[in-house]
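*Asks:* Contents are PDB, C-alpha atoms; file name model.pdb:
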```
ATOM      1  CA  MET R   1     169.888  59.091  85.855
ATOM      2  CA  ASN R   2     168.184  55.720  85.528
ATOM      3  CA  LYS R   3     165.953  53.828  87.935
ATOM      4  CA  THR R   4     168.759  51.656  89.290
ATOM      5  CA  ASP R   5     170.554  54.788  90.524
ATOM      6  CA  MET R   6     167.690  55.496  92.930
ATOM      7  CA  PRO R   7     166.885  52.458  95.110
ATOM      8  CA  MET R   8     164.143  53.214  97.633
ATOM      9  CA  VAL R   9     164.436  56.884  96.742
ATOM     10  CA  THR R  10     160.971  57.661  98.100
ATOM     11  CA  GLU R  11     162.313  57.091 101.613
ATOM     12  CA  GLY R  12     164.106  60.419 101.266
ATOM     13  CA  ILE R  13     160.925  62.379 100.515
ATOM     14  CA  LYS R  14     159.763  64.260 103.597
ATOM     15  CA  SER R  15     156.603  65.870 102.269
ATOM     16  CA  ARG R  16     154.161  63.099 103.313
ATOM     17  CA  TYR R  17     153.080  62.023  99.826
ATOM     18  CA  GLU R  18     151.670  58.851 101.411
ATOM     19  CA  THR R  19     148.899  60.890 103.098
ATOM     20  CA  CYS R  20     147.294  61.802  99.763
ATOM     21  CA  THR R  21     143.906  60.087  99.402
ATOM     22  CA  GLY R  22     143.542  60.797  95.697
ATOM     23  CA  CYS R  23     140.350  62.792  96.306
ATOM     24  CA  GLY R  24     141.164  65.143  93.422
ATOM     25  CA  VAL R  25     140.077  68.371  95.144
ATOM     26  CA  CYS R  26     143.434  69.877  94.150
ATOM     27  CA  LEU R  27     142.545  69.471  90.478
ATOM     28  CA  LEU R  28     139.911  72.193  90.776
ATOM     29  CA  SER R  29     142.585  74.840  91.319
ATOM     30  CA  CYS R  30     145.406  73.374  89.201
ATOM     31  CA  PRO R  31     146.210  75.337  86.013
ATOM     32  CA  VAL R  32     147.980  72.319  84.496
ATOM     33  CA  TRP R  33     144.880  70.149  84.944
ATOM     34  CA  ARG R  34     142.628  72.857  83.548
ATOM     35  CA  GLN R  35     144.676  73.157  80.369
ATOM     36  CA  THR R  36     145.724  69.536  79.786
ATOM     37  CA  ARG R  37     143.174  67.331  81.588
ATOM     38  CA  ASP R  38     146.084  64.942  82.196
ATOM     39  CA  VAL R  39     146.010  63.826  85.826
ATOM     40  CA  MET R  40     149.558  62.480  85.612
ATOM     41  CA  LEU R  41     150.813  66.035  85.123
ATOM     42  CA  THR R  42     149.282  67.106  88.453
ATOM     43  CA  VAL R  43     150.331  66.677  92.075
ATOM     44  CA  CYS R  44     147.458  64.232  92.547
ATOM     45  CA  GLY R  45     148.872  62.035  89.796
ATOM     46  CA  ARG R  46     152.399  62.342  91.219
ATOM     47  CA  THR R  47     151.445  61.308  94.744
ATOM     48  CA  ARG R  48     149.404  58.338  93.608
ATOM     49  CA  ALA R  49     152.222  57.233  91.300
ATOM     50  CA  LEU R  50     154.727  57.470  94.173
ATOM     51  CA  GLN R  51     152.429  55.440  96.398
ATOM     52  CA  ASN R  52     152.472  52.729  93.761
ATOM     53  CA  GLY R  53     156.243  52.633  93.375
ATOM     54  CA  SER R  54     157.066  55.152  90.645
ATOM     55  CA  SER R  55     160.465  56.838  90.715
ATOM     56  CA  PRO R  56     161.083  60.581  90.325
ATOM     57  CA  GLU R  57     162.664  59.865  86.931
ATOM     58  CA  GLU R  58     159.376  58.431  85.708
ATOM     59  CA  LEU R  59     157.667  61.645  86.851
ATOM     60  CA  ARG R  60     160.066  64.033  85.118
ATOM     61  CA  ASP R  61     157.499  65.392  82.633
ATOM     62  CA  SER R  62     154.987  65.872  85.433
ATOM     63  CA  LEU R  63     157.504  67.707  87.607
ATOM     64  CA  ASN R  64     158.514  70.027  84.769
ATOM     65  CA  ALA R  65     154.875  70.822  84.023
ATOM     66  CA  CYS R  66     154.248  72.300  87.477
ATOM     67  CA  VAL R  67     154.442  76.092  87.932
ATOM     68  CA  LEU R  68     154.688  75.728  91.741
ATOM     69  CA  CYS R  69     151.816  78.150  92.314
ATOM     70  CA  GLY R  70     150.757  76.280  95.465
ATOM     71  CA  ALA R  71     147.033  76.554  94.729
ATOM     72  CA  CYS R  72     146.655  72.779  95.130
ATOM     73  CA  GLY R  73     148.195  72.828  98.606
ATOM     74  CA  SER R  74     145.890  75.584  99.815
ATOM     75  CA  VAL R  75     142.803  73.425  99.205
ATOM     76  CA  CYS R  76     144.232  69.983 100.076
ATOM     77  CA  PRO R  77     142.067  68.302 102.769
ATOM     78  CA  VAL R  78     145.103  66.550 104.313
ATOM     79  CA  GLU R  79     147.265  69.711 104.044
ATOM     80  CA  LEU R  80     149.950  68.064 101.933
ATOM     81  CA  ASP R  81     152.928  70.337 101.247
ATOM     82  CA  THR R  82     152.549  70.093  97.498
ATOM     83  CA  VAL R  83     155.195  72.693  96.623
ATOM     84  CA  GLY R  84     157.684  71.070  98.995
ATOM     85  CA  LEU R  85     156.989  67.654  97.473
ATOM     86  CA  THR R  86     157.549  68.880  93.924
ATOM     87  CA  THR R  87     160.798  70.686  94.743
ATOM     88  CA  GLU R  88     162.051  67.640  96.680
ATOM     89  CA  LEU R  89     161.385  65.409  93.683
ATOM     90  CA  ARG R  90     163.138  67.854  91.364
ATOM     91  CA  ALA R  91     166.118  67.834  93.719
ATOM     92  CA  LEU R  92     166.214  64.036  93.677
ATOM     93  CA  LEU R  93     166.341  64.126  89.881
ATOM     94  CA  ASN R  94     169.335  66.435  90.088
ATOM     95  CA  VAL R  95     171.365  64.508  92.678
ATOM     96  CA  LYS R  96     173.900  63.349  90.084
ATOM     97  CA  ASN R  97     173.165  65.618  87.160
ATOM     98  CA  ALA R  98     172.577  69.061  88.647
ATOM     99  CA  PRO R  99     172.077  71.839  86.062
ATOM    100  CA  PRO R 100     174.851  74.417  85.729
ATOM    101  CA  ARG R 101     174.776  77.001  88.509
ATOM    102  CA  SER R 102     175.305  80.690  87.999
ATOM    103  CA  GLU R 103     178.853  81.936  88.403
ATOM    104  CA  ARG R 104     177.869  83.460  91.745
ATOM    105  CA  ALA R 105     176.565  80.195  93.153
ATOM    106  CA  ALA R 106     179.440  78.173  91.760
ATOM    107  CA  THR R 107     182.090  80.323  93.402
ATOM    108  CA  GLY R 108     180.312  80.784  96.694
ATOM    109  CA  THR R 109     177.698  83.417  97.385
ATOM    110  CA  THR R 110     178.964  86.786  98.566
ATOM    111  CA  PHE R 111     176.044  88.632 100.118
ATOM    112  CA  ARG R 112     175.988  92.373  99.880
ATOM    113  CA  LYS R 113     176.108  94.525 102.996
ATOM    114  CA  ALA R 114     172.792  96.129 102.091
ATOM    115  CA  PHE R 115     170.634  94.427 104.692
ATOM    116  CA  SER R 116     171.218  97.100 107.304
ATOM    117  CA  GLY R 117     167.656  98.176 108.089
ATOM    118  CA  SER R 118     165.205  96.373 110.337
ATOM    119  CA  LYS R 119     162.639  96.354 107.493
ATOM    120  CA  VAL R 120     163.892  95.515 104.015
ATOM    121  CA  PHE R 121     162.218  95.267 100.635
ATOM    122  CA  LEU R 122     163.400  92.443  98.378
ATOM    123  CA  PRO R 123     162.210  93.518  94.912
ATOM    124  CA  GLY R 124     163.349  90.534  92.848
ATOM    125  CA  MET R 125     164.593  90.616  89.278
ATOM    126  CA  ALA R 126     161.280  91.416  87.563
ATOM    127  CA  VAL R 127     160.592  94.530  89.653
ATOM    128  CA  ARG R 128     164.171  95.760  89.327
ATOM    129  CA  LYS R 129     163.905  95.509  85.545
ATOM    130  CA  ASN R 130     161.003  97.988  85.609
ATOM    131  CA  GLU R 131     162.635 101.182  86.889
ATOM    132  CA  GLN R 132     159.416 103.195  87.046
ATOM    133  CA  ILE R 133     157.577 100.583  89.105
ATOM    134  CA  PHE R 134     160.629  99.991  91.302
ATOM    135  CA  GLN R 135     161.006 103.671  92.137
ATOM    136  CA  GLY R 136     157.291 104.033  92.843
ATOM    137  CA  ILE R 137     157.292 101.056  95.209
ATOM    138  CA  THR R 138     160.395 102.334  96.972
ATOM    139  CA  ARG R 139     158.811 105.732  97.645
ATOM    140  CA  LEU R 140     155.692 104.102  99.063
ATOM    141  CA  LEU R 141     157.497 101.609 101.293
ATOM    142  CA  GLU R 142     159.780 104.302 102.675
ATOM    143  CA  GLN R 143     156.690 105.554 104.518
ATOM    144  CA  ASP R 144     156.847 102.340 106.511
ATOM    145  CA  ASN R 145     160.646 102.439 106.863
ATOM    146  CA  ALA R 146     161.119  99.517 104.500
ATOM    147  CA  LEU R 147     164.279 100.173 102.491
ATOM    148  CA  PRO R 148     165.124  98.351  99.236
ATOM    149  CA  SER R 149     167.993  95.877  99.348
ATOM    150  CA  ALA R 150     170.071  94.115  96.731
ATOM    151  CA  ASP R 151     168.700  90.597  96.569
ATOM    152  CA  ASP R 152     170.403  88.939  93.595
ATOM    153  CA  ASP R 153     171.937  86.267  95.810
ATOM    154  CA  ILE R 154     168.669  85.352  97.514
ATOM    155  CA  SER R 155     166.858  85.250  94.178
ATOM    156  CA  ASP R 156     169.579  82.953  92.819
ATOM    157  CA  ILE R 157     169.121  80.546  95.720
ATOM    158  CA  ALA R 158     165.349  80.509  95.188
ATOM    159  CA  ALA R 159     165.784  79.921  91.440
ATOM    160  CA  ASP R 160     168.132  77.012  92.211
ATOM    161  CA  ILE R 161     165.590  75.456  94.588
ATOM    162  CA  GLU R 162     162.865  75.844  91.976
ATOM    163  CA  ALA R 163     165.052  74.069  89.437
ATOM    164  CA  GLY R 164     165.874  71.266  91.872
ATOM    165  CA  VAL R 165     169.286  72.405  93.135
ATOM    166  CA  ARG R 166     169.606  72.350  96.900
ATOM    167  CA  PRO R 167     171.424  75.353  98.427
ATOM    168  CA  GLU R 168     174.738  74.629 100.072
ATOM    169  CA  PRO R 169     174.917  75.038 103.879
ATOM    170  CA  LYS R 170     177.600  77.716 103.517
ATOM    171  CA  GLN R 171     175.259  79.763 101.328
ATOM    172  CA  LEU R 172     172.579  79.703 104.004
ATOM    173  CA  GLU R 173     175.088  80.524 106.717
ATOM    174  CA  LYS R 174     176.199  83.628 104.790
ATOM    175  CA  LEU R 175     172.574  84.546 104.206
ATOM    176  CA  ALA R 176     171.792  84.246 107.928
ATOM    177  CA  SER R 177     174.756  86.443 108.779
ATOM    178  CA  ALA R 178     173.739  89.097 106.261
ATOM    179  CA  MET R 179     170.177  89.138 107.658
ATOM    180  CA  SER R 180     171.053  89.260 111.349
ATOM    181  CA  GLY R 181     169.651  92.771 111.870
ATOM    182  CA  VAL R 182     166.485  92.360 109.822
ATOM    183  CA  THR R 183     163.126  91.938 111.578
ATOM    184  CA  GLU R 184     160.747  92.149 108.603
ATOM    185  CA  PHE R 185     160.912  91.310 104.891
ATOM    186  CA  VAL R 186     158.658  92.752 102.202
ATOM    187  CA  VAL R 187     159.071  90.320  99.309
ATOM    188  CA  ALA R 188     157.952  90.680  95.693
ATOM    189  CA  GLU R 189     158.900  87.164  94.538
ATOM    190  CA  GLY R 190     156.219  84.861  95.911
ATOM    191  CA  PHE R 191     158.321  81.697  95.729
ATOM    192  CA  LEU R 192     160.753  83.200  98.255
ATOM    193  CA  HIS R 193     158.157  83.584 100.996
ATOM    194  CA  ARG R 194     158.017  79.987 102.199
ATOM    195  CA  TYR R 195     161.797  79.658 102.315
ATOM    196  CA  LEU R 196     162.426  82.921 104.127
ATOM    197  CA  ARG R 197     159.905  81.804 106.762
ATOM    198  CA  ALA R 198     161.664  78.458 107.075
ATOM    199  CA  TRP R 199     165.146  79.999 107.311
ATOM    200  CA  PHE R 200     164.111  82.873 109.598
ATOM    201  CA  PRO R 201     161.117  81.746 111.676
ATOM    202  CA  GLU R 202     161.593  84.633 114.078
ATOM    203  CA  LYS R 203     161.285  87.269 111.319
ATOM    204  CA  LYS R 204     158.134  88.596 109.644
ATOM    205  CA  VAL R 205     157.652  87.912 105.925
ATOM    206  CA  ILE R 206     154.912  89.660 103.939
ATOM    207  CA  GLY R 207     154.231  90.047 100.243
ATOM    208  CA  LEU R 208     154.554  93.274  98.312
ATOM    209  CA  GLY R 209     150.820  93.459  97.629
ATOM    210  CA  GLU R 210     149.955  93.075 101.302
ATOM    211  CA  ALA R 211     152.514  95.702 102.317
ATOM    212  CA  LEU R 212     151.119  98.224  99.849
ATOM    213  CA  LEU R 213     147.473  97.517 100.636
ATOM    214  CA  ARG R 214     148.207  98.295 104.284
ATOM    215  CA  LEU R 215     149.004 101.881 103.232
ATOM    216  CA  PRO R 216     145.808 103.995 103.516
ATOM    217  CA  GLU R 217     146.400 105.862 100.243
ATOM    218  CA  ILE R 218     146.611 102.568  98.322
ATOM    219  CA  ALA R 219     143.711 100.827 100.060
ATOM    220  CA  LYS R 220     141.404 103.829  99.512
ATOM    221  CA  ALA R 221     142.266 103.955  95.809
ATOM    222  CA  LEU R 222     140.949 100.429  95.155
ATOM    223  CA  LYS R 223     137.442 100.773  93.661
ATOM    224  CA  PRO R 224     134.358  98.535  93.194
ATOM    225  CA  GLY R 225     134.987  98.350  89.445
ATOM    226  CA  ASP R 226     138.518  96.980  89.866
ATOM    227  CA  LEU R 227     139.677  93.419  89.281
ATOM    228  CA  TYR R 228     142.538  92.769  91.693
ATOM    229  CA  VAL R 229     144.969  90.043  90.573
ATOM    230  CA  ILE R 230     146.793  88.409  93.497
ATOM    231  CA  GLU R 231     150.376  87.117  93.174
ATOM    232  CA  ALA R 232     149.593  83.434  93.643
ATOM    233  CA  ARG R 233     152.822  81.944  95.016
ATOM    234  CA  GLY R 234     153.184  84.201  98.044
ATOM    235  CA  TYR R 235     149.446  84.081  98.723
ATOM    236  CA  HIS R 236     149.297  80.298  98.836
ATOM    237  CA  SER R 237     152.443  80.046 100.970
ATOM    238  CA  ASP R 238     150.515  81.719 103.821
ATOM    239  CA  TYR R 239     147.001  80.914 102.693
ATOM    240  CA  LYS R 240     145.194  80.530 106.027
ATOM    241  CA  ARG R 241     146.201  84.016 107.117
ATOM    242  CA  LEU R 242     146.088  85.778 103.759
ATOM    243  CA  VAL R 243     142.681  84.505 102.688
ATOM    244  CA  LYS R 244     141.238  86.497 105.604
ATOM    245  CA  PHE R 245     143.322  89.569 104.787
ATOM    246  CA  TYR R 246     142.350  89.648 101.112
ATOM    247  CA  ASP R 247     138.701  88.910 101.870
ATOM    248  CA  SER R 248     138.641  91.942 104.146
ATOM    249  CA  VAL R 249     140.228  94.080 101.398
ATOM    250  CA  ARG R 250     137.716  92.799  98.857
ATOM    251  CA  LEU R 251     134.725  93.500 101.086
ATOM    252  CA  GLN R 252     135.949  96.947 102.063
ATOM    253  CA  ALA R 253     136.773  98.075  98.527
ATOM    254  CA  GLY R 254     133.893  96.262  96.826
ATOM    255  CA  CYS R 255     136.249  95.017  94.103
ATOM    256  CA  THR R 256     136.535  91.543  92.600
ATOM    257  CA  MET R 257     139.604  89.353  92.918
ATOM    258  CA  SER R 258     141.282  86.638  90.844
ATOM    259  CA  THR R 259     140.215  83.870  93.197
ATOM    260  CA  SER R 260     138.179  80.713  92.743
ATOM    261  CA  LEU R 261     135.154  79.784  94.819
ATOM    262  CA  GLN R 262     137.607  78.019  97.138
ATOM    263  CA  ARG R 263     139.438  81.360  97.539
ATOM    264  CA  ALA R 264     142.525  79.937  95.818
ATOM    265  CA  ALA R 265     144.257  82.569  93.698
ATOM    266  CA  ILE R 266     144.148  81.714  89.995
ATOM    267  CA  PRO R 267     147.810  81.668  88.869
ATOM    268  CA  VAL R 268     149.020  83.189  85.620
ATOM    269  CA  GLY R 269     152.287  81.220  85.589
ATOM    270  CA  ALA R 270     154.461  83.962  84.089
ATOM    271  CA  THR R 271     157.083  84.163  86.827
ATOM    272  CA  GLU R 272     160.614  85.315  86.023
ATOM    273  CA  PRO R 273     162.405  82.238  87.494
ATOM    274  CA  GLN R 274     160.265  79.992  85.297
ATOM    275  CA  LYS R 275     161.406  81.934  82.228
ATOM    276  CA  GLN R 276     165.038  81.962  83.332
ATOM    277  CA  ARG R 277     165.278  78.212  83.734
ATOM    278  CA  GLY R 278     163.509  77.494  80.448
ATOM    279  CA  CYS R 279     160.626  75.783  82.174
ATOM    280  CA  SER R 280     158.704  73.320  80.033
ATOM    281  CA  SER R 281     155.464  74.006  81.893
ATOM    282  CA  ARG R 282     152.269  73.068  80.100
ATOM    283  CA  VAL R 283     150.567  76.251  81.336
ATOM    284  CA  ASP R 284     149.813  78.906  78.724
ATOM    285  CA  SER R 285     149.819  82.206  80.643
ATOM    286  CA  SER R 286     147.666  83.926  78.026
ATOM    287  CA  GLU R 287     145.009  81.244  78.427
ATOM    288  CA  GLN R 288     145.077  81.732  82.197
ATOM    289  CA  VAL R 289     144.512  85.465  81.758
ATOM    290  CA  ARG R 290     141.627  84.853  79.354
ATOM    291  CA  TRP R 291     140.062  82.575  81.979
ATOM    292  CA  ILE R 292     140.442  85.204  84.703
ATOM    293  CA  LEU R 293     138.902  87.888  82.481
ATOM    294  CA  ASP R 294     136.114  85.688  81.121
ATOM    295  CA  ARG R 295     132.640  87.174  81.702
ATOM    296  CA  ARG R 296     133.986  89.808  84.081
ATOM    297  CA  LYS R 297     132.883  93.374  83.520
ATOM    298  CA  VAL R 298     135.515  95.541  85.159
ATOM    299  CA  ASP R 299     136.732  99.111  84.803
ATOM    300  CA  ARG R 300     140.387  98.407  85.601
ATOM    301  CA  VAL R 301     142.787  95.549  86.301
ATOM    302  CA  VAL R 302     145.192  95.923  89.233
ATOM    303  CA  VAL R 303     148.017  93.378  89.451
ATOM    304  CA  GLU R 304     150.520  92.575  92.201
ATOM    305  CA  SER R 305     153.026  90.797  89.954
ATOM    306  CA  VAL R 306     155.072  92.809  87.459
ATOM    307  CA  GLU R 307     155.435  89.648  85.361
ATOM    308  CA  ASP R 308     151.656  89.538  84.911
ATOM    309  CA  MET R 309     151.299  93.123  83.700
ATOM    310  CA  GLY R 310     152.383  92.611  80.109
ATOM    311  CA  ILE R 311     150.084  89.644  79.513
ATOM    312  CA  PHE R 312     147.074  91.421  80.994
ATOM    313  CA  LYS R 313     147.829  94.557  78.970
ATOM    314  CA  ASN R 314     147.864  92.484  75.771
ATOM    315  CA  LEU R 315     144.542  90.811  76.505
ATOM    316  CA  SER R 316     142.511  93.186  78.652
ATOM    317  CA  PRO R 317     140.253  95.812  77.020
ATOM    318  CA  VAL R 318     140.591  98.048  80.106
ATOM    319  CA  ASN R 319     143.480  99.822  81.812
ATOM    320  CA  VAL R 320     146.005  97.559  83.605
ATOM    321  CA  ILE R 321     148.140  98.963  86.421
ATOM    322  CA  HIS R 322     150.443  97.712  89.165
ATOM    323  CA  VAL R 323     149.147  97.964  92.733
ATOM    324  CA  SER R 324     151.823 100.555  93.448
ATOM    325  CA  GLU R 325     150.220 102.804  90.800
ATOM    326  CA  LEU R 326     146.832 102.928  92.511
ATOM    327  CA  ARG R 327     145.672 106.510  92.910
TER     328      ARG R 327
END
```
Could I get this structure in the form of structure tokens?

*Replies:*
Amino acid sequence: MNKTDMPMVTEGIKSRYETCTGCGVCLLSCPVWRQTRDVMLTVCGRTRALQNGSSPEELRDSLNACVLCGACGSVCPVELDTVGLTTELRALLNVKNAPPRSERAATGTTFRKAFSGSKVFLPGMAVRKNEQIFQGITRLLEQDNALPSADDDISDIAADIEAGVRPEPKQLEKLASAMSGVTEFVVAEGFLHRYLRAWFPEKKVIGLGEALLRLPEIAKALKPGDLYVIEARGYHSDYKRLVKFYDSVRLQAGCTMSTSLQRAAIPVGATEPQKQRGCSSRVDSSEQVRWILDRRKVDRVVVESVEDMGIFKNLSPVNVIHVSELR
């Protein structure tokens, strides 16, 4: 797509990019800025470029660099929806040249009839690939009547949105029908949180880490010598509420957490959808982990994200476990 294909394209952007003041506070929590020091690869650079007439095509490299962790949005003084802005711009790039969809999406999503309980657990592809972790989580969540559900279709929709492909109305209609009896979602994939809340404002959406930490046996097993690594995408999608929840967990357990002084969660950037779509992000996940571990003396690392486990195990001198394995 060239510039002439997109006259006045910024009029279609709903995420209030014009409110950005260019203060640069978001840079403090941005993993792309930390590793590249290139402001044009950050949301601050994108908003200022848009304000001065740049097209989404001119921002392609910047858009691909983003890992959509949402840390920038959680600290933005004007509360700009930074994740929404980036996904909107990706969608505008794909208006005429959308990437190939999966066979399921291309033929029309057929949602499974597995969403029969009032509380459902959406494990996502990374958790389902790890049978031991999946079974352990399932046993724990059954205590709270949260039953696991097949979520391939929902994960596909989220992966499409991340890549800049807007879901078709019929897909969302089928999703709404399949979810009619659900009152609460426990969701492992952080990127899904914001969209489930938008599609189902009357339903409760919580992350897997939060759900497990609410179980007494898990909360009591977290120790002062632990480093707890928060799944960044889900955390930042509900930052104002979750910063209080995780602060209370931290104070009660006496552990440390993978947060900055602003209480933004430091992202690793190793999410499964990013890998699946061949993301050209400039974020080196191993470097992020080294930064999180730097100068910390801990006895154990506890992670919420299955995707993060392998990287931490490769680089951490201490034991690394999933939150569901806390004992």

*Asks:* For the file shown, report as number ranges by chain the outcome of the PyMOL selection byres ((chain R and resi 40-57) around 8) at residue level.

*Replies:* R: 1-3, 6, 9-10, 17-18, 20, 22, 24, 26-27, 30, 32-33, 38-39, 58-63, 65-66, 72, 82, 86, 89-90, 92-93

*Asks:* Using the selection just defined, write its residues with C-alpha atoms as a short mmCIF file (atom, residue, chain, number, x, y, z; two decimals), keeping the file's coordinate frame.

*Replies:*
```cif
data_model
loop_
_atom_site.label_atom_id
_atom_site.label_comp_id
_atom_site.auth_asym_id
_atom_site.auth_seq_id
_atom_site.Cartn_x
_atom_site.Cartn_y
_atom_site.Cartn_z
CA MET R 1 169.89 59.09 85.86
CA ASN R 2 168.18 55.72 85.53
CA LYS R 3 165.95 53.83 87.94
CA MET R 6 167.69 55.50 92.93
CA VAL R 9 164.44 56.88 96.74
CA THR R 10 160.97 57.66 98.10
CA TYR R 17 153.08 62.02 99.83
CA GLU R 18 151.67 58.85 101.41
CA CYS R 20 147.29 61.80 99.76
CA GLY R 22 143.54 60.80 95.70
CA GLY R 24 141.16 65.14 93.42
CA CYS R 26 143.43 69.88 94.15
CA LEU R 27 142.54 69.47 90.48
CA CYS R 30 145.41 73.37 89.20
CA VAL R 32 147.98 72.32 84.50
CA TRP R 33 144.88 70.15 84.94
CA ASP R 38 146.08 64.94 82.20
CA VAL R 39 146.01 63.83 85.83
CA GLU R 58 159.38 58.43 85.71
CA LEU R 59 157.67 61.64 86.85
CA ARG R 60 160.07 64.03 85.12
CA ASP R 61 157.50 65.39 82.63
CA SER R 62 154.99 65.87 85.43
CA LEU R 63 157.50 67.71 87.61
CA ALA R 65 154.88 70.82 84.02
CA CYS R 66 154.25 72.30 87.48
CA CYS R 72 146.66 72.78 95.13
CA THR R 82 152.55 70.09 97.50
CA THR R 86 157.55 68.88 93.92
CA LEU R 89 161.38 65.41 93.68
CA ARG R 90 163.14 67.85 91.36
CA LEU R 92 166.21 64.04 93.68
CA LEU R 93 166.34 64.13 89.88
#
```

*Asks:* Applied to the shown file, which residues does the PyMOL selection byres ((chain R and resi 299) around 9) return, written as a list in words?

*Replies:*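 For this structure, the PyMOL selection byres ((chain R and resi 299) around 9) resolves to Pro224, Gly225, Asp226, Leu227, Lys297, Val298, Arg300, Val301, Val318 and Asn319 of chain R.
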
*Asks:* For the PyMOL selection byres ((chain R and resi 193-201) around 10), applied here, can you spell out every residue it catches as a ChimeraX atom specification?

*Replies:* /R:83-84,154,157-158,161,172-173,175-176,179-180,182-192,202-207,233-238

*Asks:* Would you work out the distance separating CA of Glu162 in chain R from CA of Ile292 in chain R, expressed in Å to one decimal?

*Replies:*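 Going from CA of Glu162 in chain R over to CA of Ile292 in chain R, I get 25.4 Å.
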
*Asks:* Distance CA of Arg241 in chain R-CA of Ala264 in chain R, one decimal place?

*Replies:* 12.6 Å

*Asks:* Give the answer as one residue: which of R:Ala221, R:Val25, R:Ala146, R:Ile311 has the shortest atom-to-atom distance to Arg290 in chain R, using only C-alpha atoms?

*Replies:* R:Ile311

*Asks:* Taking only C-alpha atoms into account, name the residue in R:Ala150, R:Val75, R:Val306, R:Val323 that is nearest to Leu212 in chain R.

*Replies:* R:Val323
